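J.: The structure under discussion is supplied below as structure tokens; questions concerning it will follow.
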Amino acid sequence: MAPSPSRSTSSDGGSRRPRRTAVPVTAGDVGDVEGRSFRSSGQTVVCAVMAVLWPLVLCTLAISAFDEPVLATALAAGGIVGCVLYARAAQMRLDVDEEGITVVGLLRSRRVPWDDVVGVVAGYEGLRVLVPEGKGPVLHSISRTRRAVTLGVACWADAVAERLTEEARARQSTATGPSSGRPTGSVGT
């Protein structure tokens with residue numbers, strides 16, 4: 001029987017894993033954006049685990065340092081602060097609905113209505129929502145990978161940015177059309 005083209009042949013009977021090939025990512029891979037939340041699943045899992053483990057480790061150290069109350073208090077406070085920060089980091093996301101885009105960041109959330117969205121750009125620092133008055137909010141949990149930046153290849157963050165930019169343009173073009181109730185022609189005499 002001929003070896004499967006998706007598996008590499010080797011001396012151990014072909015038990016190696018298939019080779020991974022780079023598949024170009026397009027905005028169509030993202031799908032419909034209405035009512036969706038975009039987040040990094042890896043970051044969410046790590047932050048949720050750390051929100052539980054961090055205070056346990058520091059509180060255990062605080063109990064072992066019970067003879068020194070200042071150190072015990074500092075370790076317990078560090079555990080509580082760490083728990084809050086990791087829990088908040090697990091909630092970082094980009095929400096999309098019919099009114100606009102909401103960027104839920106580590107310290108604050110910022111809402112950008114569709115009329116104010118110029119575009120969305122994926123960069124190494126994260127997804128930035130472009131607004132007319134300057135820099136818009138950045139979602140740091142979804143960003144271009146170092147490999148994608150170095151090699152100039154597309155990644156999932158690029159697909160999300162492209163799809164959200166298309167959505168913003170489509171909403172703005174329908175809002176300025178004749179069916180929006182806004183005047184489109186000149187005022188007659």
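We name chains A, B, ... following the order of the structure tokens; residues begin at 1 in each chain, and ligands are numbered from 1 as shown.
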With only C-alpha atoms as the counted atoms, please give the residues lying no more than 9 Å from segment 57-61 of chain A, apart from itself and same-chain residues fewer than 2 positions off, as a PyMOL selection string.
T.: chain A and resi 53-55+63-66+72+75-80
J.: Which neighbours of segment 129-136 of chain A fall inside 6 Å, counting only C-alpha atoms, when residues of the same chain fewer than 2 positions from it are skipped, and could you give them as a list in words?
T.: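 Close residues of segment 129-136 of chain A: Asp116, Val117, Val118, Gly119 and Val120 of chain A.
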J.: List every residue of segment 81-114 of chain A that DSSP, applied to the backbone of this structure, places in alpha helix (DSSP H), and write the result as a list in words.
T.: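 The alpha helix (DSSP H) subset of segment 81-114 of chain A is Val81, Gly82, Cys83, Val84, Leu85, Tyr86, Ala87, Arg88 and Ala89 of chain A.
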J.: Hey, can you spit out that residue selection with all heavy atoms as a PDB file, in the first residue's frame?
T.:
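Final output, saved to part-v1.pdb:
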```pdb
ATOM      1  N   VAL A  81      -3.497  41.071  44.879  1.00  0.00           N
ATOM      2  CA  VAL A  81      -3.347  41.968  43.728  1.00  0.00           C
ATOM      3  C   VAL A  81      -3.095  41.163  42.459  1.00  0.00           C
ATOM      4  O   VAL A  81      -3.679  41.423  41.401  1.00  0.00           O
ATOM      5  CB  VAL A  81      -2.220  42.997  43.974  1.00  0.00           C
ATOM      6  CG1 VAL A  81      -1.864  43.743  42.702  1.00  0.00           C
ATOM      7  CG2 VAL A  81      -2.621  43.961  45.066  1.00  0.00           C
ATOM      8  N   GLY A  82      -2.245  40.157  42.548  1.00  0.00           N
ATOM      9  CA  GLY A  82      -1.980  39.303  41.397  1.00  0.00           C
ATOM     10  C   GLY A  82      -3.223  38.585  40.914  1.00  0.00           C
ATOM     11  O   GLY A  82      -3.462  38.471  39.715  1.00  0.00           O
ATOM     12  N   CYS A  83      -4.033  38.117  41.850  1.00  0.00           N
ATOM     13  CA  CYS A  83      -5.285  37.443  41.484  1.00  0.00           C
ATOM     14  C   CYS A  83      -6.203  38.382  40.721  1.00  0.00           C
ATOM     15  O   CYS A  83      -6.776  38.011  39.694  1.00  0.00           O
ATOM     16  CB  CYS A  83      -5.970  36.931  42.746  1.00  0.00           C
ATOM     17  SG  CYS A  83      -7.548  36.121  42.453  1.00  0.00           S
ATOM     18  N   VAL A  84      -6.332  39.602  41.191  1.00  0.00           N
ATOM     19  CA  VAL A  84      -7.201  40.583  40.531  1.00  0.00           C
ATOM     20  C   VAL A  84      -6.676  40.916  39.135  1.00  0.00           C
ATOM     21  O   VAL A  84      -7.433  40.960  38.160  1.00  0.00           O
ATOM     22  CB  VAL A  84      -7.340  41.857  41.397  1.00  0.00           C
ATOM     23  CG1 VAL A  84      -8.003  42.977  40.629  1.00  0.00           C
ATOM     24  CG2 VAL A  84      -8.098  41.550  42.671  1.00  0.00           C
ATOM     25  N   LEU A  85      -5.360  41.134  39.016  1.00  0.00           N
ATOM     26  CA  LEU A  85      -4.786  41.474  37.708  1.00  0.00           C
ATOM     27  C   LEU A  85      -4.917  40.324  36.714  1.00  0.00           C
ATOM     28  O   LEU A  85      -5.272  40.538  35.551  1.00  0.00           O
ATOM     29  CB  LEU A  85      -3.320  41.870  37.850  1.00  0.00           C
ATOM     30  CG  LEU A  85      -3.067  43.243  38.453  1.00  0.00           C
ATOM     31  CD1 LEU A  85      -1.579  43.474  38.644  1.00  0.00           C
ATOM     32  CD2 LEU A  85      -3.672  44.335  37.591  1.00  0.00           C
ATOM     33  N   TYR A  86      -4.632  39.100  37.142  1.00  0.00           N
ATOM     34  CA  TYR A  86      -4.754  37.960  36.231  1.00  0.00           C
ATOM     35  C   TYR A  86      -6.217  37.721  35.841  1.00  0.00           C
ATOM     36  O   TYR A  86      -6.507  37.380  34.700  1.00  0.00           O
ATOM     37  CB  TYR A  86      -4.157  36.695  36.848  1.00  0.00           C
ATOM     38  CG  TYR A  86      -2.669  36.604  36.685  1.00  0.00           C
ATOM     39  CD1 TYR A  86      -1.835  36.589  37.787  1.00  0.00           C
ATOM     40  CD2 TYR A  86      -2.094  36.542  35.423  1.00  0.00           C
ATOM     41  CE1 TYR A  86      -0.467  36.500  37.641  1.00  0.00           C
ATOM     42  CE2 TYR A  86      -0.725  36.458  35.262  1.00  0.00           C
ATOM     43  CZ  TYR A  86       0.085  36.438  36.370  1.00  0.00           C
ATOM     44  OH  TYR A  86       1.441  36.352  36.216  1.00  0.00           O
ATOM     45  N   ALA A  87      -7.135  37.900  36.792  1.00  0.00           N
ATOM     46  CA  ALA A  87      -8.552  37.727  36.464  1.00  0.00           C
ATOM     47  C   ALA A  87      -9.003  38.773  35.453  1.00  0.00           C
ATOM     48  O   ALA A  87      -9.765  38.471  34.526  1.00  0.00           O
ATOM     49  CB  ALA A  87      -9.395  37.806  37.732  1.00  0.00           C
ATOM     50  N   ARG A  88      -8.533  39.993  35.601  1.00  0.00           N
ATOM     51  CA  ARG A  88      -8.885  41.051  34.651  1.00  0.00           C
ATOM     52  C   ARG A  88      -8.244  40.802  33.283  1.00  0.00           C
ATOM     53  O   ARG A  88      -8.869  41.013  32.247  1.00  0.00           O
ATOM     54  CB  ARG A  88      -8.459  42.412  35.202  1.00  0.00           C
ATOM     55  CG  ARG A  88      -8.808  43.573  34.336  1.00  0.00           C
ATOM     56  CD  ARG A  88     -10.282  43.769  34.189  1.00  0.00           C
ATOM     57  NE  ARG A  88     -10.507  44.879  33.274  1.00  0.00           N
ATOM     58  CZ  ARG A  88     -11.660  45.207  32.777  1.00  0.00           C
ATOM     59  NH1 ARG A  88     -12.735  44.520  33.091  1.00  0.00           N
ATOM     60  NH2 ARG A  88     -11.781  46.219  31.955  1.00  0.00           N
ATOM     61  N   ALA A  89      -7.000  40.320  33.279  1.00  0.00           N
ATOM     62  CA  ALA A  89      -6.320  40.032  32.010  1.00  0.00           C
ATOM     63  C   ALA A  89      -7.019  38.898  31.260  1.00  0.00           C
ATOM     64  O   ALA A  89      -7.018  38.872  30.035  1.00  0.00           O
ATOM     65  CB  ALA A  89      -4.858  39.678  32.260  1.00  0.00           C
TER      66      ALA A  89
END
```
J.: Near Val104 of chain A, counting only C-alpha atoms, which residues have an atom at most 10 Å away, once you skip same-chain residues fewer than 4 positions from it, shown as a PyMOL selection string?
T.: chain A and resi 39+88-89+91-95+108-111+137-140
J.: List as a list in words the protein and nucleic acid residues near Arg144 of chain A, meaning an atom at most 6 Å away when only C-alpha atoms are counted, but skip any in the same chain fewer than 6 places from it.
T.: Gly123, Tyr124 and Ala157 of chain A
